[in-house]
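Source file coords.csv; content: CSV, C-alpha atoms.
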```csv
chain,number,residue,atom,x,y,z
A,1,MET,CA,0.2,-16.3,-7.6
A,2,ASN,CA,4.0,-16.3,-7.9
A,3,LYS,CA,4.1,-15.6,-11.6
A,4,ALA,CA,1.8,-12.7,-11.3
A,5,LEU,CA,3.7,-11.3,-8.3
A,6,GLU,CA,7.0,-11.7,-10.0
A,7,HIS,CA,5.6,-9.8,-13.0
A,8,TYR,CA,4.4,-6.9,-10.9
A,9,LEU,CA,7.6,-6.7,-8.8
A,10,LEU,CA,9.5,-6.5,-12.1
A,11,ARG,CA,7.1,-3.8,-13.3
A,12,LEU,CA,7.9,-1.8,-10.2
A,13,ALA,CA,11.6,-2.5,-10.2
A,14,ASP,CA,12.1,-1.8,-13.9
A,15,THR,CA,10.2,1.5,-13.5
A,16,ALA,CA,12.4,2.6,-10.6
A,17,LEU,CA,15.6,1.5,-12.3
A,18,THR,CA,14.9,3.3,-15.6
A,19,GLN,CA,13.9,6.5,-13.7
A,20,SER,CA,17.1,6.3,-11.7
A,21,GLN,CA,19.3,5.8,-14.8
A,22,ARG,CA,17.8,8.8,-16.6
A,23,LEU,CA,18.3,11.0,-13.5
A,24,ALA,CA,21.8,9.7,-13.0
A,25,GLU,CA,22.6,10.9,-16.5
A,26,TRP,CA,22.4,14.5,-15.0
A,27,CYS,CA,25.5,13.8,-12.8
A,28,GLY,CA,27.9,16.6,-13.7
A,29,HIS,CA,25.4,18.3,-16.0
A,30,GLY,CA,22.9,19.8,-13.4
A,31,PRO,CA,22.1,23.5,-13.9
A,32,PHE,CA,24.0,24.3,-10.7
A,33,LEU,CA,25.8,22.3,-8.0
A,34,GLU,CA,22.9,21.9,-5.4
A,35,GLU,CA,20.6,20.7,-8.2
A,36,ASP,CA,23.2,18.3,-9.6
A,37,ILE,CA,23.4,16.8,-6.1
A,38,ALA,CA,19.6,16.7,-5.7
A,39,LEU,CA,19.1,14.9,-9.0
A,40,THR,CA,21.6,12.3,-8.2
A,41,ASN,CA,20.3,11.9,-4.7
A,42,VAL,CA,16.8,11.1,-6.1
A,43,ALA,CA,18.4,8.8,-8.6
A,44,LEU,CA,20.1,6.9,-5.7
A,45,ASP,CA,16.9,6.5,-3.7
A,46,LEU,CA,15.2,5.1,-6.8
A,47,LEU,CA,18.1,2.7,-7.4
A,48,GLY,CA,17.6,1.6,-3.8
A,49,HIS,CA,13.9,0.9,-4.4
A,50,ALA,CA,14.8,-1.0,-7.6
A,51,LYS,CA,17.3,-3.1,-5.6
A,52,LEU,CA,14.8,-4.0,-2.9
A,53,LEU,CA,12.2,-4.9,-5.5
A,54,TYR,CA,14.6,-7.0,-7.7
A,55,GLU,CA,15.8,-8.8,-4.6
A,56,GLN,CA,12.2,-9.7,-3.8
A,57,ALA,CA,11.5,-10.8,-7.4
A,58,ALA,CA,14.6,-12.9,-7.4
A,59,GLU,CA,13.6,-14.6,-4.1
A,60,ILE,CA,10.2,-15.7,-5.3
A,61,SER,CA,11.3,-16.6,-8.9
A,62,ASP,CA,11.3,-20.2,-10.1
A,63,ARG,CA,14.5,-19.4,-11.9
A,64,ASP,CA,17.9,-19.3,-10.2
A,65,VAL,CA,18.5,-15.5,-10.6
A,66,SER,CA,20.0,-12.7,-8.5
A,67,ALA,CA,18.8,-9.1,-8.3
A,68,ASP,CA,21.8,-8.1,-10.5
A,69,ASP,CA,20.9,-10.7,-13.1
A,70,LEU,CA,17.4,-9.2,-13.3
A,71,ALA,CA,18.8,-5.6,-13.7
A,72,PHE,CA,21.7,-6.2,-15.9
A,73,LEU,CA,21.1,-9.4,-18.0
A,74,ARG,CA,17.6,-9.0,-19.3
A,75,ASP,CA,17.0,-7.6,-22.8
A,76,VAL,CA,14.6,-4.9,-23.9
A,77,ASP,CA,11.6,-7.0,-24.4
A,78,ALA,CA,11.8,-8.4,-20.9
A,79,PHE,CA,11.6,-5.0,-19.3
A,80,LYS,CA,8.2,-3.9,-18.0
A,81,ASN,CA,8.6,-0.2,-17.3
A,82,PRO,CA,6.1,2.2,-18.9
A,83,LEU,CA,7.5,4.1,-21.9
A,84,LEU,CA,7.5,7.3,-19.8
A,85,THR,CA,10.5,6.3,-17.8
A,86,GLU,CA,12.7,5.4,-20.7
A,87,LEU,CA,12.2,8.7,-22.6
A,88,PRO,CA,15.5,10.6,-23.0
A,89,ARG,CA,16.2,13.0,-20.2
A,90,GLY,CA,15.6,16.1,-22.4
A,91,ASP,CA,16.2,19.5,-20.9
A,92,PHE,CA,15.8,20.4,-17.2
A,93,ALA,CA,12.1,21.4,-17.6
A,94,TYR,CA,11.4,18.1,-19.3
A,95,THR,CA,13.2,16.1,-16.6
A,96,THR,CA,11.4,18.1,-13.9
A,97,LEU,CA,7.9,17.7,-15.2
A,98,LYS,CA,8.4,14.0,-15.9
A,99,GLN,CA,9.8,13.5,-12.4
A,100,TYR,CA,6.8,15.3,-10.9
A,101,PHE,CA,4.4,13.0,-12.8
A,102,LEU,CA,6.3,10.0,-11.5
A,103,ASP,CA,6.7,11.3,-7.9
A,104,GLN,CA,3.0,12.0,-7.7
A,105,PHE,CA,2.3,8.5,-8.9
A,106,ASN,CA,4.9,7.0,-6.5
A,107,VAL,CA,3.6,8.8,-3.5
A,108,LEU,CA,0.1,7.6,-4.0
A,109,LEU,CA,1.2,4.1,-5.0
A,110,TYR,CA,3.5,3.5,-2.1
A,111,ALA,CA,1.0,5.0,0.4
A,112,ALA,CA,-1.4,2.3,-0.9
A,113,LEU,CA,1.1,-0.5,-1.1
A,114,LYS,CA,1.9,0.0,2.6
A,115,ASP,CA,-1.3,-1.9,3.2
A,116,SER,CA,-0.5,-4.7,0.7
A,117,GLN,CA,-1.5,-8.2,1.8
A,118,TYR,CA,2.0,-9.3,0.6
A,119,GLU,CA,4.1,-8.3,3.6
A,120,PRO,CA,7.5,-7.9,1.9
A,121,LEU,CA,6.0,-5.4,-0.6
A,122,ALA,CA,4.3,-3.5,2.3
A,123,GLU,CA,7.7,-3.2,4.0
A,124,ILE,CA,9.4,-1.9,0.9
A,125,ALA,CA,6.6,0.6,0.3
A,126,THR,CA,6.8,1.9,3.9
A,127,LYS,CA,10.5,2.7,3.3
A,128,ALA,CA,10.1,4.0,-0.2
A,129,LEU,CA,7.3,6.3,0.7
A,130,LYS,CA,9.3,8.4,3.1
A,131,GLU,CA,12.0,9.0,0.5
A,132,THR,CA,9.4,9.7,-2.2
A,133,ARG,CA,7.9,12.5,-0.1
A,134,TYR,CA,11.1,14.4,-0.3
A,135,HIS,CA,11.2,13.9,-4.1
A,136,ILE,CA,7.8,15.3,-4.7
A,137,THR,CA,8.4,18.4,-2.6
A,138,ARG,CA,11.3,19.2,-4.9
A,139,SER,CA,9.8,18.4,-8.3
A,140,ARG,CA,6.5,20.2,-7.4
A,141,ASP,CA,8.4,23.3,-6.3
A,142,TRP,CA,10.4,23.3,-9.5
A,143,CYS,CA,7.3,23.0,-11.7
A,144,LEU,CA,5.9,26.1,-10.1
A,145,ARG,CA,9.3,27.9,-10.3
A,146,LEU,CA,9.8,27.2,-14.0
A,147,SER,CA,6.2,27.8,-15.0
A,148,LEU,CA,5.8,31.1,-13.2
A,149,SER,CA,9.1,32.7,-14.2
A,150,THR,CA,10.6,33.8,-17.5
A,151,ASP,CA,8.9,33.3,-20.9
A,152,GLU,CA,11.7,30.9,-21.9
A,153,ALA,CA,11.2,28.7,-18.9
A,154,LYS,CA,7.5,28.7,-19.3
A,155,GLN,CA,7.8,27.8,-23.0
A,156,LYS,CA,10.1,24.9,-22.1
A,157,ILE,CA,7.9,23.4,-19.5
A,158,GLN,CA,4.8,23.8,-21.7
A,159,ALA,CA,6.7,22.0,-24.5
A,160,ALA,CA,7.6,19.3,-22.0
A,161,LEU,CA,3.9,18.9,-21.0
A,162,ASP,CA,2.8,18.7,-24.7
A,163,ASP,CA,5.3,15.9,-25.2
A,164,LEU,CA,4.9,14.0,-21.9
A,165,TYR,CA,1.2,14.2,-21.0
A,166,PHE,CA,0.0,11.2,-23.1
A,167,TYR,CA,2.6,8.9,-21.7
A,168,THR,CA,1.1,9.2,-18.3
A,169,PRO,CA,-2.1,7.0,-18.7
A,170,GLU,CA,0.2,4.0,-19.2
A,171,LEU,CA,1.2,4.2,-15.5
A,172,PHE,CA,-2.3,2.9,-14.6
A,173,GLU,CA,-2.5,0.1,-17.1
A,174,THR,CA,-3.2,-3.4,-15.9
A,175,ASP,CA,-3.3,-6.9,-17.4
A,176,ASP,CA,-4.7,-10.2,-16.2
A,177,ASP,CA,-1.8,-10.8,-13.8
A,178,LEU,CA,-2.2,-7.3,-12.2
A,179,ASN,CA,-6.0,-7.6,-12.0
A,180,GLN,CA,-5.5,-10.9,-10.1
A,181,LEU,CA,-3.2,-9.1,-7.6
A,182,ILE,CA,-5.7,-6.2,-7.2
A,183,ALA,CA,-8.4,-8.8,-6.4
A,184,GLU,CA,-6.2,-10.3,-3.8
A,185,SER,CA,-5.4,-6.8,-2.3
A,186,ILE,CA,-1.7,-7.3,-3.0
A,187,MET,CA,-1.7,-4.1,-5.0
A,188,PRO,CA,-4.2,-1.2,-5.1
A,189,ASP,CA,-6.9,-0.7,-7.7
A,190,LEU,CA,-5.0,1.5,-10.2
A,191,SER,CA,-8.2,3.1,-11.5
A,192,VAL,CA,-8.9,4.6,-8.1
A,193,LEU,CA,-5.2,5.7,-7.9
A,194,LYS,CA,-5.6,7.3,-11.3
A,195,GLU,CA,-8.5,9.5,-10.0
A,196,HIS,CA,-6.4,10.7,-7.1
A,197,TRP,CA,-3.4,11.3,-9.3
A,198,GLN,CA,-5.4,13.2,-11.9
A,199,GLY,CA,-6.9,15.4,-9.2
A,200,GLN,CA,-3.4,16.4,-7.8
A,201,VAL,CA,-1.9,16.9,-11.3
A,202,ASP,CA,-4.8,19.0,-12.5
A,203,GLU,CA,-4.4,21.2,-9.4
A,204,LEU,CA,-0.7,21.7,-10.0
A,205,LEU,CA,-1.0,22.3,-13.7
A,206,ASN,CA,-3.7,24.9,-13.0
A,207,GLU,CA,-1.5,26.6,-10.5
A,208,CYS,CA,1.3,26.6,-13.0
A,209,GLN,CA,-1.0,28.2,-15.6
A,210,LEU,CA,-0.1,25.5,-18.1
A,211,GLN,CA,-2.3,24.3,-20.9
A,212,VAL,CA,-3.2,20.6,-21.0
A,213,PRO,CA,-2.7,19.4,-24.5
A,214,LYS,CA,-5.5,17.8,-26.5
A,215,SER,CA,-4.7,14.7,-28.3
A,216,GLY,CA,-6.2,11.4,-29.3
A,217,TRP,CA,-3.1,9.1,-28.9
A,218,VAL,CA,-1.9,7.4,-25.7
A,219,ALA,CA,1.4,5.6,-25.2
A,220,THR,CA,1.2,1.9,-24.3
A,221,GLY,CA,3.3,-1.2,-24.4
A,222,GLY,CA,5.7,-1.4,-21.5
A,223,LEU,CA,3.8,-4.0,-19.5
A,224,ARG,CA,4.0,-6.3,-22.6
A,225,GLY,CA,7.7,-5.6,-23.2
A,226,GLU,CA,7.0,-3.4,-26.2
A,227,HIS,CA,9.2,-0.4,-25.9
A,228,SER,CA,10.5,2.6,-27.8
A,229,GLU,CA,13.9,2.5,-29.3
A,230,HIS,CA,15.2,4.6,-26.4
A,231,LEU,CA,15.3,1.7,-23.9
A,232,GLY,CA,17.7,-0.3,-26.1
A,233,TYR,CA,20.2,2.6,-26.0
A,234,MET,CA,19.7,3.0,-22.2
A,235,LEU,CA,20.4,-0.7,-21.5
A,236,ASP,CA,23.4,-0.6,-23.8
A,237,ASP,CA,24.9,2.0,-21.5
A,238,MET,CA,23.6,0.6,-18.2
A,239,GLN,CA,24.4,-3.1,-18.9
A,240,PHE,CA,27.7,-2.8,-20.7
A,241,LEU,CA,29.9,-3.6,-17.8
A,242,GLN,CA,28.1,-6.8,-16.7
A,243,ARG,CA,27.9,-8.0,-20.3
A,244,ALA,CA,31.5,-7.3,-21.1
A,245,TYR,CA,32.8,-8.6,-17.7
A,246,PRO,CA,30.2,-11.2,-16.5
A,247,GLY,CA,30.0,-11.4,-12.7
A,248,CYS,CA,32.1,-8.3,-12.2
A,249,GLU,CA,31.7,-6.9,-8.7
A,250,TRP,CA,32.5,-3.5,-7.3
B,1,MET,CA,33.4,-24.3,15.0
B,2,VAL,CA,30.9,-23.9,17.8
B,3,ILE,CA,31.1,-20.5,19.5
B,4,ALA,CA,32.2,-20.5,23.1
B,5,GLU,CA,29.5,-19.9,25.8
B,6,SER,CA,31.4,-16.8,27.1
B,7,ILE,CA,30.5,-15.0,23.9
B,8,THR,CA,27.1,-13.5,24.7
B,9,GLU,CA,24.9,-11.3,22.5
B,10,ASN,CA,25.7,-8.4,24.8
B,11,LEU,CA,29.4,-8.9,24.5
B,12,VAL,CA,29.1,-8.9,20.7
B,13,ARG,CA,27.1,-5.7,20.9
B,14,GLN,CA,29.9,-4.1,22.9
B,15,TRP,CA,32.4,-5.2,20.3
B,16,LEU,CA,30.2,-3.7,17.6
B,17,ASP,CA,30.6,-0.2,19.2
B,18,ALA,CA,33.9,-0.1,17.2
B,19,VAL,CA,31.9,-0.2,13.9
B,20,LYS,CA,31.2,3.4,12.8
B,21,ASP,CA,29.0,4.7,10.0
B,22,PRO,CA,31.3,4.7,6.9
B,23,GLU,CA,30.1,8.1,5.9
B,24,ILE,CA,30.0,9.7,9.4
B,25,PRO,CA,32.9,8.0,11.1
B,26,VAL,CA,32.2,9.5,14.5
B,27,ILE,CA,28.9,7.7,15.2
B,28,SER,CA,28.7,4.0,15.9
B,29,ILE,CA,26.1,1.8,14.3
B,30,ARG,CA,24.6,1.3,17.8
B,31,ASP,CA,24.2,5.0,18.4
B,32,LEU,CA,22.9,5.6,14.9
B,33,GLY,CA,20.2,3.0,15.8
B,34,ILE,CA,20.8,0.8,12.8
B,35,LEU,CA,22.1,-2.2,14.8
B,36,TYR,CA,18.8,-4.0,15.4
B,37,ASP,CA,19.7,-7.3,16.9
B,38,VAL,CA,22.5,-9.8,17.5
B,39,LYS,CA,21.9,-13.6,17.6
B,40,VAL,CA,24.6,-16.0,18.7
B,41,GLY,CA,23.7,-19.6,18.0
B,42,GLY,CA,25.5,-22.8,17.1
B,43,ASP,CA,28.6,-21.9,15.0
B,44,GLU,CA,27.5,-18.5,13.7
B,45,VAL,CA,26.7,-14.9,14.7
B,46,VAL,CA,24.0,-13.1,12.9
B,47,VAL,CA,23.9,-9.3,13.0
B,48,PHE,CA,20.7,-7.6,11.9
B,49,ILE,CA,21.0,-4.2,10.4
B,50,LEU,CA,18.2,-1.7,9.6
B,51,PRO,CA,19.4,0.3,6.6
B,52,THR,CA,18.8,4.1,6.7
B,53,TYR,CA,17.9,5.1,3.2
B,54,SER,CA,17.2,2.3,0.7
B,55,GLY,CA,19.9,3.5,-1.7
B,56,CYS,CA,22.5,4.0,0.9
B,57,PRO,CA,25.8,3.1,-0.8
B,58,ALA,CA,27.6,2.7,2.5
B,59,MET,CA,25.9,-0.7,3.2
B,60,ASP,CA,28.4,-2.9,1.6
B,61,THR,CA,31.3,-1.2,3.4
B,62,LEU,CA,29.4,-1.5,6.6
B,63,ARG,CA,28.8,-5.2,6.1
B,64,GLN,CA,32.5,-5.7,5.6
B,65,ASP,CA,33.4,-3.5,8.7
B,66,ILE,CA,31.2,-5.7,10.9
B,67,VAL,CA,32.7,-8.9,9.7
B,68,ASP,CA,36.2,-7.5,10.1
B,69,VAL,CA,35.7,-6.2,13.7
B,70,LEU,CA,34.2,-9.5,14.8
B,71,LYS,CA,36.9,-11.4,13.2
B,72,GLN,CA,39.4,-9.6,15.3
B,73,HIS,CA,37.6,-11.1,18.3
B,74,GLY,CA,38.0,-14.6,16.8
B,75,LEU,CA,34.5,-14.9,15.3
B,76,GLU,CA,34.8,-16.5,11.9
B,77,GLN,CA,31.2,-17.2,11.0
B,78,VAL,CA,29.4,-13.8,10.8
B,79,ARG,CA,26.4,-13.1,8.8
B,80,VAL,CA,25.0,-9.6,8.3
B,81,GLN,CA,21.3,-9.5,7.5
B,82,LEU,CA,19.5,-6.3,6.4
B,83,LYS,CA,16.0,-5.9,7.6
B,84,ASN,CA,13.4,-3.4,6.3
B,85,SER,CA,11.0,-3.9,9.2
B,86,PRO,CA,10.7,-2.1,11.5
B,87,PRO,CA,11.8,0.8,9.3
B,88,TRP,CA,14.7,2.8,10.7
B,89,THR,CA,13.8,6.3,11.9
B,90,THR,CA,15.9,9.1,13.2
B,91,ASP,CA,14.2,8.5,16.6
B,92,ARG,CA,16.5,5.5,16.9
B,93,ILE,CA,19.5,7.8,17.2
B,94,SER,CA,20.7,7.8,20.8
B,95,GLU,CA,21.3,11.0,22.8
B,96,ARG,CA,25.0,10.3,22.6
B,97,GLY,CA,24.7,9.8,18.9
B,98,ARG,CA,23.0,13.2,18.6
B,99,GLN,CA,25.9,14.8,20.5
B,100,GLN,CA,28.4,13.1,18.3
B,101,LEU,CA,26.8,14.4,15.2
B,102,HIS,CA,26.7,17.9,16.6
B,103,ASP,CA,30.4,17.8,17.6
B,104,TYR,CA,31.3,16.6,14.1
B,105,GLY,CA,29.5,19.7,12.6
B,106,ILE,CA,26.3,18.0,11.6
B,107,ALA,CA,23.1,19.4,13.0
B,108,PRO,CA,21.1,16.5,14.6
B,109,PRO,CA,17.5,15.8,13.5
B,110,GLN,CA,14.8,18.0,15.1
B,111,ASP,CA,13.2,16.7,18.2
B,112,LYS,CA,9.9,18.5,17.5
B,113,LYS,CA,8.4,19.8,14.3
B,114,GLY,CA,8.9,23.5,13.9
B,115,GLN,CA,11.8,23.6,16.3
B,116,PRO,CA,14.6,25.8,14.7
B,117,ILE,CA,17.6,24.0,13.4
B,118,ALA,CA,20.6,25.4,15.2
B,119,CYS,CA,24.0,26.0,13.5
B,120,PRO,CA,26.4,23.4,14.9
B,121,GLN,CA,29.2,26.0,14.6
B,122,CYS,CA,27.9,29.1,16.4
B,123,GLY,CA,24.6,27.8,17.9
B,124,SER,CA,22.5,30.5,16.1
B,125,SER,CA,19.0,29.3,15.2
B,126,HIS,CA,18.9,31.9,12.4
B,127,THR,CA,19.5,29.3,9.6
B,128,ILE,CA,18.1,28.6,6.2
B,129,CYS,CA,17.7,25.4,4.1
B,130,ILE,CA,19.7,25.6,0.8
B,131,SER,CA,18.7,22.2,-0.4
B,132,GLN,CA,16.8,19.2,0.9
B,133,PHE,CA,19.4,17.1,-0.7
B,134,GLY,CA,23.0,17.2,0.6
B,135,SER,CA,26.2,15.3,0.5
B,136,THR,CA,24.6,12.0,1.4
B,137,ALA,CA,21.0,10.7,1.2
B,138,CYS,CA,20.5,11.3,5.0
B,139,LYS,CA,21.5,15.0,5.0
B,140,ALA,CA,20.2,18.4,3.9
B,141,LEU,CA,22.3,21.4,3.2
B,142,TYR,CA,21.8,24.5,5.4
B,143,ARG,CA,23.5,27.8,6.0
B,144,CYS,CA,23.8,29.9,9.1
B,145,GLU,CA,22.7,33.5,8.5
B,146,ASP,CA,24.8,34.7,11.5
B,147,CYS,CA,28.2,33.1,11.0
B,148,LEU,CA,27.5,32.5,7.3
B,149,GLU,CA,28.9,29.0,7.4
B,150,PRO,CA,27.2,26.2,5.4
B,151,PHE,CA,26.5,23.0,7.4
B,152,ASP,CA,24.9,19.6,7.0
B,153,TYR,CA,21.6,18.8,8.7
B,154,PHE,CA,20.8,15.2,9.4
B,155,LYS,CA,17.2,15.0,8.0
B,156,CYS,CA,14.4,14.0,10.2
B,157,HIS,CA,13.1,10.6,9.0
B,158,VAL,CA,10.2,9.2,10.9
```
What do you get writing this file as structure tokens?
Amino acid sequence: MNKALEHYLLRLADTALTQSQRLAEWCGHGPFLEEDIALTNVALDLLGHAKLLYEQAAEISDRDVSADDLAFLRDVDAFKNPLLTELPRGDFAYTTLKQYFLDQFNVLLYAALKDSQYEPLAEIATKALKETRYHITRSRDWCLRLSLSTDEAKQKIQAALDDLYFYTPELFETDDDLNQLIAESIMPDLSVLKEHWQGQVDELLNECQLQVPKSGWVATGGLRGEHSEHLGYMLDDMQFLQRAYPGCEW
Amino acid sequence: MVIAESITENLVRQWLDAVKDPEIPVISIRDLGILYDVKVGGDEVVVFILPTYSGCPAMDTLRQDIVDVLKQHGLEQVRVQLKNSPPWTTDRISERGRQQLHDYGIAPPQDKKGQPIACPQCGSSHTICISQFGSTACKALYRCEDCLEPFDYFKCHV
């Protein structure tokens, strides 16, 4: 079970870390001060979730690794986040809609993981859920605000939807390891989660009067370590200090 | 070195009153409710802490502050352990802690849902939320519509 569990903990941790890093890129670039602070506050919460998850993964790993090793010394093909979280931050509409998709996913996921049979994961989820509820209130409000305001704002968020929508199915992908954990009630059935997620998302997009794009392609690969070129550049930025000065501490 | 019998868990707790939250230096870790437990056994003291928000950057400073304070009392072997369960909630803040927050200019978390958030400067309940995200993870930004001062509100976290 440990191998499957480590794989899933890394999936969760890598997802939170890459989300956090993209949001942190807004520091000093937010559209106005309060929003700059909000974006980085959410980034900080997500970094906290990543830290808890990496610590847990390190603890159960057969290898002698720390949470920092897992975050800062693994290469692109070892990362398990979905492609959605590594996409460049784009403009504010793009960041906002992407964050909403992820917040909606996280709220449902952590609510379900609270009942995980694996106690340490249930504890992390209980903590993360409270913070995620603040995140979704904000990203939801902004989706409405942008969609129902000026033509330019509406155009930008529609463009973001056209770009991002087909990256979302990957959030619900599983593999043999994950299916084993689902069978053991360590993680929830992601196909059930997907139905709930889709219901909530459809409702909001409808309220926003946005057009869901039609397309035949769907992004995939993160769970197998197959990533877009964007992740390499992100790790380059994020891991530079640890690689240049191994073991460096704050 | 084995710890003397005179050093009880209660005594260590009292000493830890000197440790304040690094970001709100008027409230002690005991009044903030993040000091969960103290164990004195053999040659070491273990202090259990419930972190507030998972990304709280003050944790490392806090860890060091605890070690430093207990060292002043001659305790060399101190271990600070973070615990996620039970989760910390704002209900754990003591009455004294709420007063300390208020006196420092931070509106304490609501007792009941729907209760107005009073301005810590003038006491008016005619206030509005500017942003759910403030200067630290645990605070939201508010403004008083009467005295027009902005203020921090310690978010309710249950």
>> What are the residues of chain A lining chain B at 10 Å or less? Count all atoms listed in the file, and put the answer as a ChimeraX atom specification.
In response: /A:34-52,119-120,122-128,130-131,134-135,137-138,250
* Can you list, as a PyMOL selection string, every protein, DNA or RNA residue that comes within 9 Å of stretch 30-40 of chain B when you count all atoms listed in the file, leaving out same-chain residues fewer than 2 positions away? -> chain B and resi 3+7-10+12-13+16-17+19-21+27-28+42-52+83+88-98
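Put simply, atom CA of B:Val26 is 19.4 Å away from atom CA of B:Gln110.
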(message) I want to know what sits within 12 Å of A:Trp142, based on only C-alpha atoms, with residues of the same chain fewer than 3 positions away left out; could you give that as an NGL selection string?
(response) :A and (35 or 38 or 92-100 or 135-139 or 145-149 or 153-154 or 157 or 204 or 208)
Best match for closeness to A:Gly30 among A:Glu6, A:Asp75, A:Asp91, A:Asp237, counting all atoms listed in the file:
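Comparing A:Glu6, A:Asp75, A:Asp91, A:Asp237 against A:Gly30, the winner is A:Asp91.
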Closest of A:Leu9, A:Ala57, A:Ala4, A:Asp14 to A:Asp77, counting all atoms listed in the file, is A:Asp14
| message | Let me make sure I understand: among B:Arg63, B:His126, B:Arg79, B:Arg143, which one has the smallest atom-to-atom distance to B:Ile106 if we use all atoms listed in the file? | response |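 Of the candidates, the smallest distance to B:Ile106 is held by B:Arg143.
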Taking all atoms of stretch 131-147 of chain B that the file lists and extending 8 Å past them on each side, where is the centre of the axis-aligned box and how long are its edges? Answer in Å to one decimal, as JSON.
```
{"center_x": 22.5, "center_y": 22.7, "center_z": 5.4, "size_x": 27.4, "size_y": 40.0, "size_z": 28.2}
```
